[in-house]
Structure formats: structure tokens, C-alpha cells
file structure_6.cif (mmCIF, C-alpha atoms)
data_target
#
loop_
_atom_site.group_PDB
_atom_site.id
_atom_site.type_symbol
_atom_site.label_atom_id
_atom_site.label_comp_id
_atom_site.auth_asym_id
_atom_site.auth_seq_id
_atom_site.Cartn_x
_atom_site.Cartn_y
_atom_site.Cartn_z
ATOM 1 C CA MET A 1 -12.225 27.326 -32.009
ATOM 2 C CA THR A 2 -13.346 30.854 -32.915
ATOM 3 C CA SER A 3 -12.924 32.433 -36.317
ATOM 4 C CA LEU A 4 -10.947 35.657 -36.259
ATOM 5 C CA ASP A 5 -13.559 37.004 -38.651
ATOM 6 C CA ASP A 6 -16.127 36.616 -35.853
ATOM 7 C CA VAL A 7 -14.116 38.906 -33.586
ATOM 8 C CA ALA A 8 -14.898 42.595 -34.079
ATOM 9 C CA ILE A 9 -11.274 43.785 -33.955
ATOM 10 C CA GLU A 10 -8.639 44.335 -36.579
ATOM 11 C CA ILE A 11 -6.004 41.601 -36.488
ATOM 12 C CA THR A 12 -2.728 43.486 -36.214
ATOM 13 C CA PRO A 13 0.717 42.242 -35.188
ATOM 14 C CA GLN A 14 0.083 43.704 -31.720
ATOM 15 C CA VAL A 15 -3.195 41.784 -31.395
ATOM 16 C CA LEU A 16 -1.404 38.631 -32.528
ATOM 17 C CA LEU A 17 1.307 39.085 -29.889
ATOM 18 C CA LYS A 18 -1.354 39.571 -27.236
ATOM 19 C CA ALA A 19 -2.961 36.306 -28.346
ATOM 20 C CA TYR A 20 0.388 34.497 -28.020
ATOM 21 C CA SER A 21 0.828 35.921 -24.538
ATOM 22 C CA CYS A 22 -2.514 34.299 -23.646
ATOM 23 C CA GLY A 23 -1.514 30.930 -25.112
ATOM 24 C CA ILE A 24 -3.563 31.285 -28.304
ATOM 25 C CA PHE A 25 -2.339 31.113 -31.900
ATOM 26 C CA PRO A 26 -4.013 31.423 -35.316
ATOM 27 C CA MET A 27 -4.405 28.855 -38.069
ATOM 28 C CA ALA A 28 -6.317 28.610 -41.331
ATOM 29 C CA GLU A 29 -8.198 25.651 -42.792
ATOM 30 C CA SER A 30 -6.189 25.877 -46.021
ATOM 31 C CA ALA A 31 -4.107 28.228 -48.121
ATOM 32 C CA ASP A 32 -7.195 29.051 -50.180
ATOM 33 C CA ASP A 33 -9.388 29.905 -47.177
ATOM 34 C CA ASN A 34 -8.945 33.521 -46.072
ATOM 35 C CA ALA A 35 -10.481 32.916 -42.638
ATOM 36 C CA LEU A 36 -8.291 32.471 -39.567
ATOM 37 C CA TYR A 37 -9.131 30.653 -36.351
ATOM 38 C CA TRP A 38 -7.935 31.032 -32.778
ATOM 39 C CA ILE A 39 -6.475 27.761 -31.515
ATOM 40 C CA GLU A 40 -5.949 26.869 -27.828
ATOM 41 C CA PRO A 41 -5.339 23.103 -27.551
ATOM 42 C CA GLU A 42 -6.392 21.166 -24.465
ATOM 43 C CA ARG A 43 -3.012 19.398 -24.687
ATOM 44 C CA ARG A 44 -0.043 21.523 -25.716
ATOM 45 C CA GLY A 45 3.211 20.336 -27.254
ATOM 46 C CA ILE A 46 6.512 21.639 -25.898
ATOM 47 C CA LEU A 47 10.155 20.682 -26.343
ATOM 48 C CA PRO A 48 11.776 21.008 -22.901
ATOM 49 C CA LEU A 49 15.066 22.807 -23.436
ATOM 50 C CA ASP A 50 16.716 20.913 -20.567
ATOM 51 C CA ALA A 51 15.804 17.498 -21.985
ATOM 52 C CA VAL A 52 16.509 17.610 -25.709
ATOM 53 C CA HIS A 53 17.535 14.355 -27.389
ATOM 54 C CA VAL A 54 19.827 14.468 -30.424
ATOM 55 C CA PRO A 55 19.875 11.131 -32.306
ATOM 56 C CA ARG A 56 23.395 9.853 -32.882
ATOM 57 C CA SER A 57 23.023 9.690 -36.664
ATOM 58 C CA LEU A 58 21.895 13.321 -36.765
ATOM 59 C CA ALA A 59 24.771 14.378 -34.517
ATOM 60 C CA ARG A 60 27.181 12.736 -36.977
ATOM 61 C CA THR A 61 25.559 14.603 -39.855
ATOM 62 C CA ILE A 62 25.914 17.904 -38.022
ATOM 63 C CA ARG A 63 29.561 17.285 -37.101
ATOM 64 C CA ARG A 64 30.320 16.369 -40.713
ATOM 65 C CA GLY A 65 29.137 19.795 -41.823
ATOM 66 C CA GLY A 66 28.798 20.682 -45.483
ATOM 67 C CA PHE A 67 25.975 23.135 -44.803
ATOM 68 C CA GLU A 68 25.560 26.713 -43.609
ATOM 69 C CA VAL A 69 23.018 27.807 -41.018
ATOM 70 C CA LYS A 70 21.687 31.351 -41.206
ATOM 71 C CA THR A 71 19.134 33.204 -39.110
ATOM 72 C CA ASP A 72 16.684 35.896 -40.206
ATOM 73 C CA ASN A 73 18.277 35.904 -43.639
ATOM 74 C CA ASP A 74 15.347 35.181 -45.981
ATOM 75 C CA PHE A 75 11.947 35.144 -44.309
ATOM 76 C CA GLU A 76 10.054 35.057 -47.599
ATOM 77 C CA ALA A 77 11.872 31.938 -48.788
ATOM 78 C CA VAL A 78 11.326 30.175 -45.465
ATOM 79 C CA ILE A 79 7.595 30.810 -45.253
ATOM 80 C CA GLU A 80 7.295 29.855 -48.926
ATOM 81 C CA GLY A 81 9.054 26.577 -48.161
ATOM 82 C CA CYS A 82 6.807 25.932 -45.164
ATOM 83 C CA ALA A 83 3.690 26.658 -47.246
ATOM 84 C CA ALA A 84 4.654 24.545 -50.260
ATOM 85 C CA PRO A 85 2.847 21.218 -50.858
ATOM 86 C CA ARG A 86 4.981 18.143 -50.289
ATOM 87 C CA ALA A 87 4.727 14.385 -50.242
ATOM 88 C CA GLY A 88 1.770 13.340 -48.123
ATOM 89 C CA ARG A 89 0.464 16.890 -47.858
ATOM 90 C CA ARG A 90 -1.349 18.484 -50.772
ATOM 91 C CA SER A 91 -2.364 21.663 -49.010
ATOM 92 C CA THR A 92 -1.181 23.915 -46.197
ATOM 93 C CA TRP A 93 -2.719 26.074 -43.494
ATOM 94 C CA ILE A 94 -0.467 29.029 -44.373
ATOM 95 C CA ASN A 95 -2.683 31.432 -46.283
ATOM 96 C CA ALA A 96 -2.124 35.015 -47.443
ATOM 97 C CA ARG A 97 -3.233 36.530 -44.120
ATOM 98 C CA ILE A 98 -0.827 34.317 -42.199
ATOM 99 C CA ARG A 99 2.012 35.354 -44.490
ATOM 100 C CA ASN A 100 1.226 39.049 -44.087
ATOM 101 C CA LEU A 101 0.878 38.908 -40.307
ATOM 102 C CA TYR A 102 4.124 37.040 -39.740
ATOM 103 C CA ARG A 103 5.922 39.194 -42.276
ATOM 104 C CA ASP A 104 4.943 42.172 -40.102
ATOM 105 C CA LEU A 105 6.108 40.358 -36.960
ATOM 106 C CA PHE A 106 9.423 39.637 -38.678
ATOM 107 C CA ALA A 107 9.834 43.330 -39.466
ATOM 108 C CA LEU A 108 9.161 44.129 -35.797
ATOM 109 C CA GLY A 109 11.768 41.627 -34.592
ATOM 110 C CA HIS A 110 9.270 39.194 -33.080
ATOM 111 C CA CYS A 111 9.464 36.520 -35.778
ATOM 112 C CA HIS A 112 12.675 34.647 -36.560
ATOM 113 C CA THR A 113 13.944 32.087 -39.032
ATOM 114 C CA VAL A 114 16.589 29.384 -38.859
ATOM 115 C CA GLU A 115 17.744 28.417 -42.353
ATOM 116 C CA VAL A 116 19.910 25.546 -43.621
ATOM 117 C CA TRP A 117 21.788 26.265 -46.857
ATOM 118 C CA ARG A 118 23.859 23.931 -49.047
ATOM 119 C CA ASN A 119 25.794 25.082 -52.087
ATOM 120 C CA GLY A 120 23.964 28.404 -52.100
ATOM 121 C CA GLU A 121 20.482 26.848 -51.976
ATOM 122 C CA LEU A 122 17.983 26.901 -49.115
ATOM 123 C CA THR A 123 17.325 23.248 -48.255
ATOM 124 C CA GLY A 124 15.273 23.580 -45.091
ATOM 125 C CA GLY A 125 14.365 25.744 -42.163
ATOM 126 C CA LEU A 126 11.768 26.935 -39.703
ATOM 127 C CA TYR A 127 10.176 30.072 -38.356
ATOM 128 C CA GLY A 128 8.535 31.084 -35.096
ATOM 129 C CA VAL A 129 7.618 33.900 -32.739
ATOM 130 C CA HIS A 130 9.758 35.366 -29.952
ATOM 131 C CA LEU A 131 8.031 36.842 -26.918
ATOM 132 C CA GLY A 132 9.872 37.347 -23.652
ATOM 133 C CA ARG A 133 11.727 34.126 -22.881
ATOM 134 C CA ALA A 134 9.341 32.039 -24.997
ATOM 135 C CA PHE A 135 9.714 30.876 -28.583
ATOM 136 C CA PHE A 136 6.605 29.647 -30.375
ATOM 137 C CA GLY A 137 7.547 27.303 -33.211
ATOM 138 C CA GLU A 138 5.225 27.761 -36.170
ATOM 139 C CA SER A 139 6.339 25.602 -39.080
ATOM 140 C CA MET A 140 9.355 23.898 -40.633
ATOM 141 C CA PHE A 141 10.221 22.385 -43.990
ATOM 142 C CA SER A 142 12.901 20.275 -45.611
ATOM 143 C CA ARG A 143 14.005 19.826 -49.210
ATOM 144 C CA ALA A 144 16.972 17.643 -48.312
ATOM 145 C CA ARG A 145 17.480 14.869 -45.801
ATOM 146 C CA ASP A 146 17.810 16.107 -42.200
ATOM 147 C CA ALA A 147 17.641 19.796 -43.163
ATOM 148 C CA SER A 148 14.687 20.630 -40.894
ATOM 149 C CA LYS A 149 16.209 18.516 -38.101
ATOM 150 C CA ILE A 150 19.464 20.451 -38.354
ATOM 151 C CA ALA A 151 17.481 23.689 -38.156
ATOM 152 C CA LEU A 152 15.738 22.462 -35.015
ATOM 153 C CA VAL A 153 19.013 21.543 -33.295
ATOM 154 C CA TYR A 154 20.473 24.951 -34.122
ATOM 155 C CA LEU A 155 17.275 26.605 -32.873
ATOM 156 C CA VAL A 156 17.569 24.809 -29.531
ATOM 157 C CA ALA A 157 21.216 25.868 -29.193
ATOM 158 C CA ARG A 158 20.285 29.467 -29.946
ATOM 159 C CA LEU A 159 17.416 29.468 -27.459
ATOM 160 C CA LYS A 160 19.485 27.928 -24.681
ATOM 161 C CA TYR A 161 22.376 30.317 -25.259
ATOM 162 C CA GLY A 162 20.017 33.292 -25.479
ATOM 163 C CA GLY A 163 18.240 32.658 -22.184
ATOM 164 C CA PHE A 164 14.911 31.258 -23.381
ATOM 165 C CA THR A 165 12.929 28.993 -21.050
ATOM 166 C CA LEU A 166 10.030 27.775 -23.226
ATOM 167 C CA LEU A 167 9.911 26.223 -26.701
ATOM 168 C CA ASP A 168 6.282 25.777 -27.741
ATOM 169 C CA THR A 169 5.704 23.262 -30.544
ATOM 170 C CA GLN A 170 1.890 23.666 -30.406
ATOM 171 C CA PHE A 171 1.347 19.986 -31.226
ATOM 172 C CA VAL A 172 3.469 16.835 -30.922
ATOM 173 C CA THR A 173 4.461 14.851 -34.001
ATOM 174 C CA ASP A 174 6.512 11.683 -34.393
ATOM 175 C CA HIS A 175 9.280 13.887 -35.791
ATOM 176 C CA LEU A 176 9.345 16.004 -32.612
ATOM 177 C CA VAL A 177 8.983 13.075 -30.210
ATOM 178 C CA ARG A 178 12.421 11.850 -31.318
ATOM 179 C CA PHE A 179 13.846 15.085 -29.916
ATOM 180 C CA GLY A 180 11.993 14.801 -26.601
ATOM 181 C CA ALA A 181 8.792 16.740 -27.286
ATOM 182 C CA VAL A 182 5.998 16.070 -24.804
ATOM 183 C CA GLU A 183 2.382 17.028 -24.289
ATOM 184 C CA ILE A 184 1.300 18.944 -21.214
ATOM 185 C CA SER A 185 -2.086 20.221 -20.090
ATOM 186 C CA ARG A 186 -3.352 23.650 -21.032
ATOM 187 C CA GLN A 187 -3.047 24.702 -17.384
ATOM 188 C CA ALA A 188 0.557 23.508 -17.135
ATOM 189 C CA PHE A 189 1.415 25.319 -20.346
ATOM 190 C CA GLN A 190 -0.128 28.540 -19.043
ATOM 191 C CA ARG A 191 2.048 28.357 -15.929
ATOM 192 C CA ARG A 192 5.187 27.900 -18.028
ATOM 193 C CA LEU A 193 4.120 30.697 -20.347
ATOM 194 C CA GLU A 194 3.451 33.118 -17.486
ATOM 195 C CA ASP A 195 6.912 32.420 -16.122
ATOM 196 C CA ALA A 196 8.521 32.941 -19.541
ATOM 197 C CA LEU A 197 6.699 36.247 -19.980
ATOM 198 C CA SER A 198 7.128 37.549 -16.440
ATOM 199 C CA CYS A 199 10.224 39.467 -17.568
ATOM 200 C CA ASN A 200 8.038 41.600 -19.843
ATOM 201 C CA LEU A 201 6.487 43.661 -17.090
ATOM 202 C CA GLY A 202 8.946 46.520 -17.455
ATOM 203 C CA SER A 203 8.322 50.020 -18.776
ATOM 204 C CA SER A 204 8.739 49.008 -22.416
ATOM 205 C CA GLY A 205 5.554 46.920 -22.218
ATOM 206 C CA ALA A 206 4.850 43.278 -22.880
ATOM 207 C CA GLY A 207 6.473 41.804 -25.908
ATOM 208 C CA GLY A 208 9.469 44.069 -26.435
ATOM 209 C CA PRO A 209 12.072 42.024 -28.315
ATOM 210 C CA GLY A 210 15.203 41.349 -26.315
ATOM 211 C CA ASN A 211 13.667 42.215 -22.917
ATOM 212 C CA ALA A 212 14.834 38.955 -21.364
ATOM 213 C CA ALA A 213 16.077 36.584 -24.048
ATOM 214 C CA SER A 214 18.192 37.266 -27.108
ATOM 215 C CA PHE A 215 17.726 35.287 -30.302
ATOM 216 C CA ALA A 216 20.887 36.833 -31.732
ATOM 217 C CA ALA A 217 23.212 36.122 -28.791
ATOM 218 C CA LEU A 218 24.759 33.006 -30.333
ATOM 219 C CA SER A 219 27.387 33.764 -32.943
ATOM 220 C CA ALA A 220 26.298 33.039 -36.512
ATOM 221 C CA ASP A 221 29.542 31.150 -37.153
ATOM 222 C CA ALA A 222 29.268 28.827 -34.141
ATOM 223 C CA ALA A 223 30.972 25.529 -35.002
ATOM 224 C CA PRO A 224 28.772 22.419 -35.329
ATOM 225 C CA ALA A 225 30.571 20.700 -32.441
ATOM 226 C CA ALA A 226 29.986 23.731 -30.228
ATOM 227 C CA VAL A 227 26.297 23.753 -31.153
ATOM 228 C CA LEU A 228 25.927 20.089 -30.199
ATOM 229 C CA GLU A 229 27.776 20.641 -26.939
ATOM 230 C CA LEU A 230 25.505 23.560 -26.103
ATOM 231 C CA VAL A 231 22.361 21.557 -26.833
ATOM 232 C CA SER A 232 23.474 18.653 -24.648
ATOM 233 C CA ARG A 233 25.220 20.614 -21.891
ATOM 234 C CA THR A 234 22.265 20.597 -19.489
ATOM 235 C CA SER A 235 20.185 18.030 -21.337
ATOM 236 C CA LYS A 236 20.548 14.456 -22.468
ATOM 237 C CA THR A 237 21.920 13.450 -25.872
ATOM 238 C CA CYS A 238 20.555 9.993 -26.607
ATOM 239 C CA HIS A 239 22.293 7.408 -28.732
ATOM 240 C CA PRO A 240 19.747 5.141 -30.417
ATOM 241 C CA ALA A 241 20.830 2.731 -33.123
ATOM 242 C CA ALA A 242 21.826 4.680 -36.223
#
call {"tool": "encode", "arguments": {"input": "structure_6.cif", "output": "C-alpha cells"}}
result
Amino acid sequence: MTSLDDVAIEITPQVLLKAYSCGIFPMAESADDNALYWIEPERRGILPLDAVHVPRSLARTIRRGGFEVKTDNDFEAVIEGCAAPRAGRRSTWINARIRNLYRDLFALGHCHTVEVWRNGELTGGLYGVHLGRAFFGESMFSRARDASKIALVYLVARLKYGGFTLLDTQFVTDHLVRFGAVEISRQAFQRRLEDALSCNLGSSGAGGPGNAASFAALSADAAPAAVLELVSRTSKTCHPAA
């Protein structure tokens, strides 16, 4: 793990995208620590898009509706929600430099949000980075039951519809395991990443948004039932006890 402060280059959005294309991402020790560190895990978490599991109770919640899902609507509110302390976690790794870098990526069209709203209030969501046919999940949060899970299901639907082939979760948590997340070796991840980025070898250069996969292809008003059908169309929807 190397501190970005030890590297004699300015950390710009372009440098950050290059790091992602090499399978590296930044993190901070805490919100109060201004230093950033390059992370390249020996074991990498991914959520295979052709093997996503949607628990039956969550599928019922999604079909019932009563929420609105938006994308790229309020980046500042999403990253604030991801950075906020919550039960069991007093601090966060999202510091001021992280916020500024991903704010710049958002402005460039390389960072996206999925947001779950109820009664005009943001109740959960996630954000991540889009490069080629890969989406690198960064963080998610929830202020209401199942809000972050709903965001994840809608993210998967959007990625599958838009032609993505890789959903990087960085690490695997119990929360993600329920959806089918697995760990693979660094070498296996690199092979998947190279394939997902192979479309970026055109004249516009590596990393041009929309070169091979479109985050915006799925209609914003897609019905919940259609989203669930899309997620499970080429993958398995499991039905554990509710």
C-alpha cells in the first residue's frame, strides 16, 4: 500500500482513471487524514452480472414500490450520505480529497450515482466509477430499510441493460454475498478488467465515457417489475426464506 503523497505526481481525475484501468483505487485512513493510499487487493470482490441473486423479500419490496430511483441527480447528497457516521461505524474513509476527486469525475461523466428517494427525501444510494464496460462500486449508504439494496438492484439492471461486463465491489461483505458477490484472485480480476476495457482502444483514448457501455441507456422510469426481470433474465433469482 503506497501513499499517494509518496508519488511525485499530481493526483488528477485523469491519473485516477489510469489507476482504475490498472486495477488500483485510492482510500484514506479516515475522513480527518488528508493522505490517500493506492489499494490493490490480493483478493478482489466482484458481483458477476450473470449470477445476481435477488432475495425474495427484497423483490417483494421492489414490486410494492413507494419509492423513486434517480441517477446522477444529487452527487453531493450521495457522497455526504456515504461519508456520514452510522451505527457500528464512527468514522469513514471518505475525506476531502476523495470528495473533490470524485466530484471532478462526476463532472466528466465517469462517476455515477443511483439514488433511492421516498416522499421527497433521499433515503439511500451508491456511487461508483464508469470506465469502458466496467463499473467500480465505491460506497453505498442507507437511511431506511432496504434503500441501499434497492439501489444495488437498480444498478445491476442499468449495467446489464447498458452493456457492462464487470461490476467491481473491491471487497466482499456479508451484505454483498447475499447478492452473489465472490472473491477472485488479483490475476483473474486483471483479466476481466482488460476485457472490459478492451473497447477503449479507439481514437478517443482510454476512458471516454460511453465508448462501449452506456450508464444512461435504461429509461429512468423503468417499472420495478421490468427492473427485476432484467436483473434475473440471464442470472438466477434465488428465493430464500423471507
call {"tool": "closest_residue", "arguments": {"input": "structure_6.cif", "among": "A:Leu230, A:Ala147, A:Leu193, A:Ala96", "to": "Leu36 (chain A)", "atoms": "all atoms listed in the file"}}
result
A:Ala96
call {"tool": "closest_residue", "arguments": {"input": "structure_6.cif", "among": "A:Ala217, A:Leu49, A:Ala196, A:Ala31", "to": "Pro85 (chain A)", "atoms": "all atoms listed in the file"}}
result
A:Ala31
call {"tool": "atom_distance", "arguments": {"input": "structure_6.cif", "atom1": "CA of Leu197 (chain A)", "atom2": "CA of Leu155 (chain A)"}}
result
19.3 Å
call {"tool": "atom_distance", "arguments": {"input": "structure_6.cif", "atom1": "CA of Phe141 (chain A)", "atom2": "CA of Asp174 (chain A)"}}
result
14.8 Å
call {"tool": "resolve_selection", "arguments": {"input": "structure_6.cif", "expression": "the PyMOL selection byres ((chain A and resi 121) around 12)", "output": "ChimeraX atom specification"}}
result
/A:67-70,74,77-78,115-120,122-125,142-144,147
call {"tool": "resolve_selection", "arguments": {"input": "structure_6.cif", "expression": "the PyMOL selection byres ((chain A and resi 17) around 10)", "output": "list in words"}}
result
Thr12, Pro13, Gln14, Val15, Leu16, Lys18, Ala19, Tyr20, Ser21, Cys22, Gly23, Ile24, Phe25, Leu105, His110, Val129, His130, Leu131, Ala206 and Gly207 of chain A
